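This is entry_11.txt (compact mmCIF, C-alpha atoms).
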# COMPACT_ATOMS: atom_id res chain seq x y z
CA MET F 231 23.81 16.73 -15.62
CA SER F 232 23.45 14.64 -12.47
CA LYS F 233 22.65 10.96 -13.02
CA TYR F 234 21.52 8.36 -10.50
CA TYR F 235 19.60 5.07 -10.30
CA PHE F 236 16.68 4.39 -7.99
CA THR F 237 14.87 1.10 -7.33
CA SER F 238 11.42 0.33 -5.94
CA GLU F 239 9.54 -2.94 -5.49
CA SER F 240 5.94 -4.10 -5.37
CA VAL F 241 4.21 -7.39 -4.56
CA THR F 242 1.08 -9.16 -5.77
CA GLU F 243 -2.00 -9.70 -3.63
CA GLY F 244 -0.87 -13.30 -3.12
CA HIS F 245 2.38 -12.34 -1.40
CA PRO F 246 2.07 -13.69 2.18
CA ASP F 247 2.41 -10.25 3.77
CA LYS F 248 -0.17 -8.77 1.39
CA LEU F 249 -2.49 -11.72 2.05
CA CYS F 250 -2.38 -10.66 5.70
CA ASP F 251 -2.90 -6.97 4.88
CA THR F 252 -5.89 -7.89 2.73
CA ILE F 253 -7.50 -10.02 5.44
CA SER F 254 -7.00 -7.26 8.03
CA ASP F 255 -8.56 -4.62 5.76
CA LYS F 256 -11.48 -6.90 4.81
CA ILE F 257 -12.23 -7.39 8.51
CA LEU F 258 -11.96 -3.63 9.08
CA ASP F 259 -14.40 -2.87 6.25
CA ALA F 260 -16.86 -5.49 7.55
CA TYR F 261 -16.96 -3.80 10.95
CA ILE F 262 -17.28 -0.29 9.48
CA GLU F 263 -20.02 -1.37 7.07
CA LYS F 264 -22.32 -2.18 10.02
CA ASP F 265 -20.99 0.44 12.46
CA GLU F 266 -19.15 3.43 10.99
CA ASN F 267 -17.77 4.34 14.41
CA SER F 268 -16.03 1.00 14.89
CA ARG F 269 -12.57 1.18 16.41
CA VAL F 270 -10.43 -1.51 14.84
CA ALA F 271 -6.79 -2.55 15.09
CA VAL F 272 -6.48 -6.06 13.65
CA GLU F 273 -3.32 -7.99 12.78
CA THR F 274 -3.10 -11.15 10.70
CA PHE F 275 -0.35 -13.77 10.79
CA ALA F 276 -0.09 -16.50 8.15
CA SER F 277 2.06 -19.62 8.22
CA LYS F 278 1.82 -23.20 6.95
CA ASN F 279 -1.96 -23.57 6.36
CA ASN F 280 -2.64 -21.50 9.48
CA ILE F 281 -4.13 -18.03 9.88
CA THR F 282 -4.07 -16.15 13.19
CA ILE F 283 -6.23 -13.05 13.71
CA ALA F 284 -5.49 -10.88 16.74
CA GLY F 285 -6.20 -7.33 17.79
CA GLN F 286 -8.55 -4.92 19.48
CA VAL F 287 -12.04 -3.99 18.31
CA THR F 288 -14.78 -1.86 19.82
CA SER F 289 -17.89 -2.03 17.63
CA LYS F 290 -21.62 -2.62 17.56
CA SER F 291 -21.03 -4.87 14.54
CA ASP F 292 -21.31 -8.62 14.77
CA ILE F 293 -19.33 -10.15 11.91
CA ASN F 294 -18.22 -13.65 10.93
CA VAL F 295 -14.46 -13.26 10.95
CA GLU F 296 -13.73 -16.83 9.86
CA GLU F 297 -15.99 -16.55 6.84
CA ILE F 298 -14.30 -13.30 5.81
CA VAL F 299 -10.87 -14.90 6.10
CA ARG F 300 -11.76 -17.97 4.03
CA ASN F 301 -13.48 -15.90 1.33
CA CYS F 302 -10.48 -13.58 1.15
CA ILE F 303 -8.03 -16.45 0.66
CA LYS F 304 -10.33 -17.98 -1.97
CA GLU F 305 -10.67 -14.68 -3.84
CA ILE F 306 -6.90 -14.31 -4.02
CA GLY F 307 -6.69 -17.80 -5.52
CA TYR F 308 -5.14 -20.03 -2.87
CA HIS F 309 -6.54 -23.57 -2.74
CA ASP F 310 -3.61 -25.97 -2.37
CA SER F 311 -1.92 -26.53 1.00
CA ASN F 312 0.83 -28.57 -0.70
CA ILE F 313 2.31 -25.51 -2.39
CA ASP F 314 0.84 -22.45 -0.59
CA ILE F 315 -2.42 -22.48 1.47
CA ASP F 316 -5.95 -23.89 1.11
CA TYR F 317 -8.92 -21.65 1.94
CA LYS F 318 -11.06 -24.73 2.68
CA THR F 319 -8.80 -26.55 5.14
CA CYS F 320 -6.58 -23.92 6.74
CA LYS F 321 -6.81 -23.51 10.50
CA ILE F 322 -8.06 -20.12 11.68
CA ASP F 323 -7.35 -18.87 15.21
CA ILE F 324 -9.17 -15.70 16.32
CA ASN F 325 -8.11 -13.65 19.35
CA ILE F 326 -9.86 -10.27 19.30
CA THR F 327 -10.37 -8.17 22.44
CA LYS F 328 -11.80 -4.69 23.08
CA GLN F 329 -9.85 -1.47 22.69
CA SER F 330 -8.11 -0.37 25.88
CA PRO F 331 -10.27 2.10 27.84
CA ASP F 332 -7.09 4.12 28.46
CA ILE F 333 -6.72 4.73 24.71
CA ALA F 334 -10.46 5.37 24.36
CA LEU F 335 -10.22 8.25 26.85
CA GLY F 336 -8.31 10.31 24.29
CA VAL F 337 -10.03 9.07 21.14
CA ASP F 338 -13.55 9.67 22.50
CA ILE F 339 -12.89 13.41 22.65
CA GLY F 340 -11.46 13.52 19.13
CA GLY F 341 -7.80 13.10 19.98
CA ALA F 342 -5.24 11.00 18.16
CA GLY F 343 -5.31 7.28 18.85
CA ASP F 344 -1.57 7.21 19.36
CA GLN F 345 1.55 9.32 19.16
CA GLY F 346 3.53 9.17 15.95
CA ILE F 347 5.01 10.82 12.88
CA MET F 348 3.45 10.63 9.41
CA PHE F 349 4.71 11.67 5.97
CA GLY F 350 3.10 12.56 2.68
CA TYR F 351 4.75 12.98 -0.70
CA ALA F 352 4.08 13.84 -4.33
CA CYS F 353 6.15 14.67 -7.40
CA ASN F 354 5.53 15.26 -11.11
CA ASP F 355 7.28 12.08 -12.35
CA THR F 356 3.94 10.58 -13.43
CA GLU F 357 0.38 11.62 -14.20
CA ASN F 358 -0.74 10.41 -10.76
CA TYR F 359 2.06 12.34 -9.03
CA MET F 360 3.86 9.22 -7.81
CA PRO F 361 7.58 8.42 -8.10
CA TYR F 362 8.23 6.60 -11.38
CA ALA F 363 9.89 3.45 -9.99
CA ILE F 364 7.11 2.49 -7.56
CA HIS F 365 4.47 3.45 -10.13
CA MET F 366 5.87 0.98 -12.67
CA ALA F 367 6.54 -1.72 -10.07
CA HIS F 368 2.87 -1.56 -9.02
CA LYS F 369 1.69 -1.76 -12.64
CA LEU F 370 3.79 -4.88 -13.21
CA ALA F 371 2.52 -6.55 -10.03
CA LYS F 372 -1.08 -5.73 -10.87
CA ARG F 373 -0.64 -7.06 -14.40
CA LEU F 374 0.78 -10.32 -13.01
CA THR F 375 -2.47 -10.81 -11.10
CA GLU F 376 -4.62 -9.85 -14.10
CA VAL F 377 -3.03 -12.36 -16.48
CA ARG F 378 -3.37 -15.08 -13.84
CA LYS F 379 -7.00 -14.43 -12.91
CA ASN F 380 -8.06 -13.94 -16.53
CA ASN F 381 -6.30 -17.18 -17.60
CA ILE F 382 -4.09 -15.33 -20.05
CA VAL F 383 -1.17 -17.18 -18.47
CA LYS F 384 -2.64 -20.36 -17.02
CA PHE F 385 0.35 -21.65 -15.04
CA LEU F 386 0.80 -18.68 -12.69
CA ARG F 387 0.03 -18.87 -8.96
CA PRO F 388 -0.84 -15.95 -6.63
CA ASP F 389 2.53 -15.18 -5.02
CA GLY F 390 4.81 -12.72 -6.79
CA LYS F 391 7.10 -9.69 -6.58
CA THR F 392 8.33 -7.03 -8.98
CA GLN F 393 11.21 -4.57 -8.89
CA VAL F 394 12.15 -1.68 -11.18
CA THR F 395 15.38 0.32 -11.35
CA VAL F 396 15.03 3.72 -13.03
CA GLU F 397 17.79 5.91 -14.40
CA TYR F 398 17.36 9.60 -13.57
CA GLU F 399 18.99 12.64 -15.12
CA ASP F 400 18.51 15.94 -13.34
CA ASP F 401 15.79 14.32 -11.20
CA LYS F 402 13.80 13.18 -14.24
CA PRO F 403 13.28 9.50 -15.17
CA ILE F 404 14.80 8.88 -18.62
CA ARG F 405 14.96 5.07 -18.95
CA ILE F 406 14.56 1.80 -17.08
CA GLU F 407 17.83 0.10 -16.20
CA THR F 408 16.53 -3.16 -14.69
CA ILE F 409 13.26 -5.08 -14.35
CA LEU F 410 12.96 -8.01 -11.95
CA VAL F 411 9.88 -10.24 -11.77
CA SER F 412 9.57 -13.24 -9.46
CA THR F 413 6.32 -15.15 -9.85
CA GLN F 414 4.98 -18.38 -8.42
CA HIS F 415 4.04 -20.98 -11.01
CA THR F 416 2.87 -24.57 -11.31
CA SER F 417 5.48 -27.34 -11.41
CA ASP F 418 4.77 -28.42 -15.00
CA VAL F 419 6.43 -25.48 -16.80
CA THR F 420 10.02 -24.59 -17.58
CA THR F 421 11.92 -21.46 -16.65
CA ASP F 422 11.98 -20.43 -20.31
CA GLN F 423 8.20 -20.73 -20.55
CA VAL F 424 7.73 -18.55 -17.48
CA ARG F 425 10.22 -15.97 -18.76
CA GLU F 426 8.62 -15.78 -22.21
CA ALA F 427 5.13 -15.35 -20.76
CA VAL F 428 6.18 -12.70 -18.25
CA ILE F 429 8.08 -10.66 -20.85
CA ASN F 430 5.34 -10.82 -23.51
CA GLU F 431 2.19 -10.65 -21.37
CA VAL F 432 3.36 -8.56 -18.42
CA ILE F 433 6.43 -6.43 -19.09
CA LYS F 434 5.71 -5.48 -22.72
CA LYS F 435 2.07 -4.77 -21.89
CA VAL F 436 2.98 -2.38 -19.07
CA ILE F 437 6.34 -0.70 -19.61
CA PRO F 438 6.40 2.10 -22.24
CA SER F 439 8.67 1.06 -25.10
CA ASN F 440 10.52 4.38 -25.03
CA MET F 441 11.72 3.58 -21.48
CA LEU F 442 13.36 0.32 -22.60
CA ASP F 443 16.53 -0.07 -24.67
CA ASP F 444 19.19 -2.65 -25.54
CA GLN F 445 20.90 -2.04 -22.22
CA THR F 446 17.81 -2.73 -20.06
CA LYS F 447 18.32 -5.89 -18.01
CA ILE F 448 15.33 -8.20 -17.43
CA TYR F 449 15.37 -10.94 -14.80
CA VAL F 450 12.51 -13.43 -14.36
CA ASN F 451 12.63 -15.91 -11.46
CA PRO F 452 16.42 -15.65 -10.96
CA THR F 453 16.60 -18.89 -8.92
CA GLY F 454 15.02 -20.77 -11.85
CA ARG F 455 12.05 -22.13 -9.88
CA PHE F 456 9.21 -20.69 -7.77
CA VAL F 457 6.60 -23.39 -7.05
CA ILE F 458 6.29 -23.26 -3.25
CA GLY F 459 4.81 -19.89 -2.32
CA GLY F 460 2.35 -18.05 -0.13
CA PRO F 461 2.42 -18.77 3.62
CA LEU F 462 4.04 -22.17 2.98
CA GLY F 463 7.07 -20.57 1.36
CA ASP F 464 7.30 -17.64 3.78
CA THR F 465 5.29 -16.47 6.77
CA GLY F 466 3.09 -13.42 6.31
CA LEU F 467 2.29 -10.58 8.69
CA THR F 468 0.18 -7.44 8.51
CA GLY F 469 2.18 -4.25 8.09
CA ARG F 470 5.45 -5.63 6.75
CA LYS F 471 5.17 -3.98 3.32
CA ILE F 472 4.92 -0.35 4.35
CA ILE F 473 7.40 0.90 1.72
CA VAL F 474 5.43 -0.92 -0.99
CA ASP F 475 2.31 0.74 0.44
CA THR F 476 3.71 4.26 0.17
CA TYR F 477 6.41 5.66 -2.12
CA GLY F 478 8.78 2.78 -2.74
CA GLY F 479 11.48 4.34 -0.59
CA TYR F 480 11.69 7.49 -2.72
CA ALA F 481 10.19 9.47 0.16
CA ARG F 482 10.20 8.86 3.89
CA HIS F 483 7.66 6.78 5.79
CA GLY F 484 6.34 7.43 9.28
CA GLY F 485 6.40 5.04 12.20
CA GLY F 486 3.30 2.96 11.51
CA ALA F 487 1.65 0.60 9.06
CA PHE F 488 -1.82 1.13 7.54
CA SER F 489 -3.79 -2.08 7.08
CA GLY F 490 -6.23 -3.25 9.73
CA LYS F 491 -6.50 0.17 11.39
CA ASP F 492 -9.57 2.40 11.39
CA ALA F 493 -9.19 6.11 10.70
CA SER F 494 -8.93 7.15 14.35
CA LYS F 495 -5.38 5.80 14.07
CA VAL F 496 -3.43 8.74 12.65
CA ASP F 497 -0.80 6.30 11.34
CA ARG F 498 -3.27 5.75 8.54
CA SER F 499 -5.56 8.76 8.30
CA ALA F 500 -2.89 11.46 8.65
CA ALA F 501 -0.66 9.75 6.08
CA TYR F 502 -3.60 9.81 3.66
CA MET F 503 -4.25 13.47 4.40
CA LEU F 504 -0.63 14.44 3.89
CA ARG F 505 -0.56 12.63 0.55
CA HIS F 506 -3.66 14.63 -0.44
CA ILE F 507 -2.05 17.92 0.53
CA ALA F 508 1.33 17.13 -1.04
CA LYS F 509 -0.34 16.00 -4.27
CA ASN F 510 -2.33 19.21 -4.49
CA ILE F 511 0.71 21.37 -3.78
CA VAL F 512 2.36 19.79 -6.83
CA ALA F 513 -0.81 19.65 -8.95
CA ASN F 514 -1.45 23.35 -8.27
CA GLY F 515 2.04 24.23 -9.47
CA LEU F 516 3.40 25.36 -6.11
CA ALA F 517 6.30 22.89 -6.35
CA ASP F 518 7.61 20.06 -8.55
CA LYS F 519 7.97 17.74 -5.56
CA CYS F 520 6.82 18.02 -1.97
CA GLU F 521 7.31 16.07 1.24
CA LEU F 522 5.31 16.80 4.39
CA GLN F 523 5.54 15.57 7.96
CA VAL F 524 3.23 15.97 10.94
CA SER F 525 3.49 14.60 14.47
CA TYR F 526 0.79 13.79 17.02
CA ALA F 527 0.48 12.98 20.72
CA ILE F 528 -2.01 10.40 21.96
CA GLY F 529 -5.28 12.01 23.03
CA MET F 530 -4.40 15.45 21.60
CA LYS F 531 -6.31 16.91 18.67
CA GLU F 532 -3.91 19.28 16.95
CA PRO F 533 -0.63 18.06 15.44
CA LEU F 534 2.48 18.97 17.42
CA SER F 535 4.44 20.00 14.32
CA ILE F 536 4.23 20.46 10.56
CA TYR F 537 7.30 20.16 8.33
CA ILE F 538 7.68 20.70 4.59
CA ASP F 539 10.46 20.21 2.05
CA THR F 540 10.01 21.11 -1.62
CA PHE F 541 13.64 20.26 -2.42
CA GLY F 542 14.34 23.64 -3.94
CA THR F 543 11.46 23.32 -6.43
CA GLY F 544 8.95 25.54 -4.63
CA LYS F 545 7.45 28.49 -6.49
CA ILE F 546 6.80 30.22 -3.17
CA LEU F 547 8.63 29.91 0.14
CA ASP F 548 8.13 26.67 2.09
CA ASN F 549 6.96 28.54 5.20
CA GLU F 550 4.30 30.25 3.08
CA ILE F 551 3.04 26.83 1.98
CA VAL F 552 2.91 25.74 5.64
CA GLU F 553 0.72 28.74 6.42
CA LEU F 554 -1.51 27.88 3.46
CA ILE F 555 -1.87 24.33 4.84
CA LYS F 556 -2.76 25.57 8.33
CA ASN F 557 -5.40 27.95 6.95
CA ARG F 558 -6.87 25.51 4.42
CA PHE F 559 -6.92 22.10 6.16
CA ASP F 560 -8.15 20.77 9.51
CA LEU F 561 -5.48 18.32 10.63
CA THR F 562 -7.24 17.10 13.75
CA PRO F 563 -8.19 13.40 13.61
CA ASP F 564 -11.91 14.21 13.33
CA GLY F 565 -11.19 16.92 10.76
CA ILE F 566 -9.26 14.46 8.60
CA ILE F 567 -11.90 11.74 8.96
CA ASN F 568 -14.71 14.10 7.97
CA TYR F 569 -12.80 15.72 5.10
CA LEU F 570 -11.75 12.41 3.51
CA GLN F 571 -14.97 10.58 4.54
CA LEU F 572 -13.03 7.82 6.25
CA ARG F 573 -15.99 6.27 8.05
CA LYS F 574 -16.91 4.41 4.88
CA PRO F 575 -15.79 0.81 4.17
CA ILE F 576 -13.26 1.78 1.49
CA PHE F 577 -10.09 0.36 2.96
CA SER F 578 -9.99 -2.92 1.03
CA LYS F 579 -9.46 -0.80 -2.11
CA THR F 580 -6.20 0.49 -0.69
CA THR F 581 -4.50 -2.75 0.30
CA ASN F 582 -2.85 -3.90 -2.91
CA TYR F 583 -0.63 -2.05 -5.42
CA GLY F 584 -0.15 0.98 -3.20
CA HIS F 585 -2.33 3.18 -1.03
CA PHE F 586 -1.56 6.18 -3.22
CA GLY F 587 -1.91 7.02 -6.89
CA LYS F 588 -5.38 5.47 -7.37
CA ASP F 589 -7.86 7.95 -8.78
CA ASP F 590 -10.93 6.53 -7.01
CA LEU F 591 -9.63 7.21 -3.48
CA PRO F 592 -10.71 10.46 -1.76
CA TRP F 593 -7.18 11.59 -0.84
CA GLU F 594 -6.20 11.47 -4.51
CA LYS F 595 -8.75 14.11 -5.52
CA ILE F 596 -7.23 17.25 -7.02
CA ILE F 597 -8.65 20.51 -5.69
CA LYS F 598 -7.87 24.17 -6.24
CA LEU F 599 -5.71 25.69 -3.52
Take the structure I supplied and represent it as structure tokens, if you would.
Amino acid sequence: MSKYYFTSESVTEGHPDKLCDTISDKILDAYIEKDENSRVAVETFASKNNITIAGQVTSKSDINVEEIVRNCIKEIGYHDSNIDIDYKTCKIDINITKQSPDIALGVDIGGAGDQGIMFGYACNDTENYMPYAIHMAHKLAKRLTEVRKNNIVKFLRPDGKTQVTVEYEDDKPIRIETILVSTQHTSDVTTDQVREAVINEVIKKVIPSNMLDDQTKIYVNPTGRFVIGGPLGDTGLTGRKIIVDTYGGYARHGGGAFSGKDASKVDRSAAYMLRHIAKNIVANGLADKCELQVSYAIGMKEPLSIYIDTFGTGKILDNEIVELIKNRFDLTPDGIINYLQLRKPIFSKTTNYGHFGKDDLPWEKIIKL
């Protein structure tokens, strides 16, 4: 039997990079809600009690960007500039221009908004066809936020990270080797108090007991203290958590980030479509795991290439699956947008705890091939 260990990480919605992703996607949804044909590419940068919004937007919508930003920071739970950021007093700088007419020339006729490569992946590790390590890391990160917002653990603050190392035998997860949780907290608690709360209210509530044993190592706040967090502890930037957003490193990622981009940007929409196709290849029993790649040229409708790897688990030949994909799915930008209904303001749902594996997103729907 072959044995190996694989590690994936996740972050909470209060992580400075995820704060920026969330703001960018909230702005995107606000534009789309009033004008479904909005073209949006918005970046957010967060540092010591400062938020900078920059990017390109072409839309009939008129939105209050500053109000969206402050409400987003408040919703996450940041209100203290001494230890992270304050939604009431932070400085907000907005620099949004219109989309380049040179790019619009190609997008207006239904072409891709940029060149690039995109990947999609699925496997049968879990019920939602995600790799086991990133699936569990997301569940831990989400639980950290739940116990904080529901006052189950009153001394937690929004910033946090999780990491899970899984032991595999013959490509199947058999146990968890290591769990790492780093979570921001108030200054009036001890390391032991934080560790006890995280183990009892987060780890034991999330991780199946049969995946833990006496050899599993658990680390909580390894430095012993995590009071300063958010943009005060580390700057944040849209698009810096792309491996958290996808498959935790278990599968490849394309060249672009997701958040803040409307669906005319194939960085986002094509990655969603490939996840949908890969998931359904596995769900329909055509393979146990599947990775897909497509490539696009700016302004061109059809992808330049389609690649598939089922890692020797395919029930039919890989080139036969490629032909099935070509016959079954429209991979033009407009075809993807229409198929997945990506002109709706759904992108804020995707931002935290992974863009894949959530049942209420259209690309996660299982169909019959």
Discussion item. From the options F:Glu357, F:Asp323, F:Glu594, F:Glu273, which residue's atoms come nearest to Glu296 of chain F, counting all atoms listed in the file?
Written reply: F:Asp323
Discussion item. My list of candidates is F:Pro592, F:Gly486, F:Tyr583, F:Phe577. Which is closest to Ile347 of chain F when distances are computed with all atoms listed in the file?
Written reply: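 Of all the options, F:Gly486 lies closest to Ile347 of chain F.
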Practice prompt. Using all atoms listed in the file, pick whichever of F:Leu374, F:Leu599, F:Ala427, F:Leu467 has the shortest atom-to-atom distance to Gly490 of chain F.
Written response: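 Among the listed residues, F:Leu467 lies closest to Gly490 of chain F.
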Give, as JSON, the centre coordinates and the x, y and z edge lengths in Å to one decimal for an axis-aligned box around all listed atoms of segment 312-328 of chain F, padded by 3 Å on each side.
{"center_x": -4.7, "center_y": -16.6, "center_z": 10.3, "size_x": 20.1, "size_y": 29.9, "size_z": 31.5}
Discussion item. Would you compute the distance between atom CA of Asn325 of chain F and atom CA of Thr282 of chain F? Give it in Å to one decimal.
Written reply: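 So the answer is 7.8 Å.
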Item to complete: Go through F:Ser494, F:Gln423, F:Gln345, F:Gln286 one by one, measure the shortest atom-to-atom distance of each to Ile528 of chain F using all atoms listed in the file, and give the residue with the smallest value.
Response: F:Gln345
Worksheet item: Hey, can you check how far atom CA of Leu258 of chain F sits from atom CA of Ala527 of chain F?
Response: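 Pair atom CA of Leu258 of chain F / atom CA of Ala527 of chain F returns 23.8 Å.
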Could segment 299-330 of chain F be completed with N, CA and C atoms and returned as a PDB file, in the frame of the given file?
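Written file, rebuild13.pdb:
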ATOM      1  N   VAL F 299     -12.228 -14.426   6.361  1.00  0.00           N
ATOM      2  CA  VAL F 299     -10.870 -14.900   6.100  1.00  0.00           C
ATOM      3  C   VAL F 299     -10.855 -15.925   4.976  1.00  0.00           C
ATOM      4  N   ARG F 300     -11.738 -16.913   5.054  1.00  0.00           N
ATOM      5  CA  ARG F 300     -11.760 -17.970   4.030  1.00  0.00           C
ATOM      6  C   ARG F 300     -12.139 -17.401   2.655  1.00  0.00           C
ATOM      7  N   ASN F 301     -13.101 -16.502   2.614  1.00  0.00           N
ATOM      8  CA  ASN F 301     -13.480 -15.900   1.330  1.00  0.00           C
ATOM      9  C   ASN F 301     -12.349 -15.071   0.747  1.00  0.00           C
ATOM     10  N   CYS F 302     -11.604 -14.402   1.605  1.00  0.00           N
ATOM     11  CA  CYS F 302     -10.480 -13.580   1.150  1.00  0.00           C
ATOM     12  C   CYS F 302      -9.396 -14.456   0.519  1.00  0.00           C
ATOM     13  N   ILE F 303      -9.052 -15.543   1.184  1.00  0.00           N
ATOM     14  CA  ILE F 303      -8.030 -16.450   0.660  1.00  0.00           C
ATOM     15  C   ILE F 303      -8.491 -17.063  -0.664  1.00  0.00           C
ATOM     16  N   LYS F 304      -9.767 -17.424  -0.735  1.00  0.00           N
ATOM     17  CA  LYS F 304     -10.330 -17.980  -1.970  1.00  0.00           C
ATOM     18  C   LYS F 304     -10.285 -16.968  -3.106  1.00  0.00           C
ATOM     19  N   GLU F 305     -10.649 -15.728  -2.818  1.00  0.00           N
ATOM     20  CA  GLU F 305     -10.670 -14.680  -3.840  1.00  0.00           C
ATOM     21  C   GLU F 305      -9.276 -14.431  -4.407  1.00  0.00           C
ATOM     22  N   ILE F 306      -8.276 -14.503  -3.552  1.00  0.00           N
ATOM     23  CA  ILE F 306      -6.900 -14.310  -4.020  1.00  0.00           C
ATOM     24  C   ILE F 306      -6.474 -15.463  -4.922  1.00  0.00           C
ATOM     25  N   GLY F 307      -6.970 -16.660  -4.643  1.00  0.00           N
ATOM     26  CA  GLY F 307      -6.690 -17.800  -5.520  1.00  0.00           C
ATOM     27  C   GLY F 307      -5.907 -18.930  -4.887  1.00  0.00           C
ATOM     28  N   TYR F 308      -5.874 -18.975  -3.563  1.00  0.00           N
ATOM     29  CA  TYR F 308      -5.140 -20.030  -2.870  1.00  0.00           C
ATOM     30  C   TYR F 308      -6.071 -21.206  -2.526  1.00  0.00           C
ATOM     31  N   HIS F 309      -5.695 -22.401  -2.985  1.00  0.00           N
ATOM     32  CA  HIS F 309      -6.540 -23.570  -2.740  1.00  0.00           C
ATOM     33  C   HIS F 309      -5.745 -24.870  -2.649  1.00  0.00           C
ATOM     34  N   ASP F 310      -4.432 -24.772  -2.385  1.00  0.00           N
ATOM     35  CA  ASP F 310      -3.610 -25.970  -2.370  1.00  0.00           C
ATOM     36  C   ASP F 310      -2.578 -25.885  -1.253  1.00  0.00           C
ATOM     37  N   SER F 311      -2.816 -26.593  -0.155  1.00  0.00           N
ATOM     38  CA  SER F 311      -1.920 -26.530   1.000  1.00  0.00           C
ATOM     39  C   SER F 311      -0.567 -27.181   0.724  1.00  0.00           C
ATOM     40  N   ASN F 312      -0.442 -27.928  -0.374  1.00  0.00           N
ATOM     41  CA  ASN F 312       0.830 -28.570  -0.700  1.00  0.00           C
ATOM     42  C   ASN F 312       1.860 -27.581  -1.252  1.00  0.00           C
ATOM     43  N   ILE F 313       1.375 -26.475  -1.816  1.00  0.00           N
ATOM     44  CA  ILE F 313       2.310 -25.510  -2.390  1.00  0.00           C
ATOM     45  C   ILE F 313       2.119 -24.081  -1.851  1.00  0.00           C
ATOM     46  N   ASP F 314       1.009 -23.776  -1.166  1.00  0.00           N
ATOM     47  CA  ASP F 314       0.840 -22.450  -0.590  1.00  0.00           C
ATOM     48  C   ASP F 314      -0.112 -22.470   0.611  1.00  0.00           C
ATOM     49  N   ILE F 315      -1.425 -22.402   0.403  1.00  0.00           N
ATOM     50  CA  ILE F 315      -2.420 -22.480   1.470  1.00  0.00           C
ATOM     51  C   ILE F 315      -3.762 -22.820   0.840  1.00  0.00           C
ATOM     52  N   ASP F 316      -4.640 -23.463   1.608  1.00  0.00           N
ATOM     53  CA  ASP F 316      -5.950 -23.890   1.110  1.00  0.00           C
ATOM     54  C   ASP F 316      -7.037 -23.187   1.914  1.00  0.00           C
ATOM     55  N   TYR F 317      -7.867 -22.396   1.247  1.00  0.00           N
ATOM     56  CA  TYR F 317      -8.920 -21.650   1.940  1.00  0.00           C
ATOM     57  C   TYR F 317      -9.927 -22.569   2.612  1.00  0.00           C
ATOM     58  N   LYS F 318     -10.064 -23.807   2.130  1.00  0.00           N
ATOM     59  CA  LYS F 318     -11.060 -24.730   2.680  1.00  0.00           C
ATOM     60  C   LYS F 318     -10.583 -25.403   3.963  1.00  0.00           C
ATOM     61  N   THR F 319      -9.298 -25.718   4.035  1.00  0.00           N
ATOM     62  CA  THR F 319      -8.800 -26.550   5.140  1.00  0.00           C
ATOM     63  C   THR F 319      -7.902 -25.812   6.125  1.00  0.00           C
ATOM     64  N   CYS F 320      -7.512 -24.594   5.847  1.00  0.00           N
ATOM     65  CA  CYS F 320      -6.580 -23.920   6.740  1.00  0.00           C
ATOM     66  C   CYS F 320      -7.203 -23.690   8.118  1.00  0.00           C
ATOM     67  N   LYS F 321      -6.370 -23.750   9.129  1.00  0.00           N
ATOM     68  CA  LYS F 321      -6.810 -23.510  10.500  1.00  0.00           C
ATOM     69  C   LYS F 321      -6.845 -22.013  10.764  1.00  0.00           C
ATOM     70  N   ILE F 322      -7.914 -21.550  11.402  1.00  0.00           N
ATOM     71  CA  ILE F 322      -8.060 -20.120  11.680  1.00  0.00           C
ATOM     72  C   ILE F 322      -8.235 -19.920  13.179  1.00  0.00           C
ATOM     73  N   ASP F 323      -7.316 -19.169  13.777  1.00  0.00           N
ATOM     74  CA  ASP F 323      -7.350 -18.870  15.210  1.00  0.00           C
ATOM     75  C   ASP F 323      -7.675 -17.395  15.381  1.00  0.00           C
ATOM     76  N   ILE F 324      -8.704 -17.076  16.165  1.00  0.00           N
ATOM     77  CA  ILE F 324      -9.170 -15.700  16.320  1.00  0.00           C
ATOM     78  C   ILE F 324      -9.023 -15.274  17.781  1.00  0.00           C
ATOM     79  N   ASN F 325      -8.326 -14.179  17.998  1.00  0.00           N
ATOM     80  CA  ASN F 325      -8.110 -13.650  19.350  1.00  0.00           C
ATOM     81  C   ASN F 325      -8.285 -12.137  19.314  1.00  0.00           C
ATOM     82  N   ILE F 326      -9.538 -11.692  19.380  1.00  0.00           N
ATOM     83  CA  ILE F 326      -9.860 -10.270  19.300  1.00  0.00           C
ATOM     84  C   ILE F 326     -10.442  -9.814  20.634  1.00  0.00           C
ATOM     85  N   THR F 327      -9.880  -8.738  21.193  1.00  0.00           N
ATOM     86  CA  THR F 327     -10.370  -8.170  22.440  1.00  0.00           C
ATOM     87  C   THR F 327     -10.847  -6.740  22.181  1.00  0.00           C
ATOM     88  N   LYS F 328     -11.320  -6.065  23.229  1.00  0.00           N
ATOM     89  CA  LYS F 328     -11.800  -4.690  23.080  1.00  0.00           C
ATOM     90  C   LYS F 328     -10.646  -3.707  23.213  1.00  0.00           C
ATOM     91  N   GLN F 329     -10.849  -2.530  22.593  1.00  0.00           N
ATOM     92  CA  GLN F 329      -9.850  -1.470  22.690  1.00  0.00           C
ATOM     93  C   GLN F 329      -9.668  -1.065  24.151  1.00  0.00           C
ATOM     94  N   SER F 330      -8.418  -0.800  24.523  1.00  0.00           N
ATOM     95  CA  SER F 330      -8.110  -0.370  25.880  1.00  0.00           C
ATOM     96  C   SER F 330      -8.895   0.884  26.252  1.00  0.00           C
TER      97      SER F 330
END
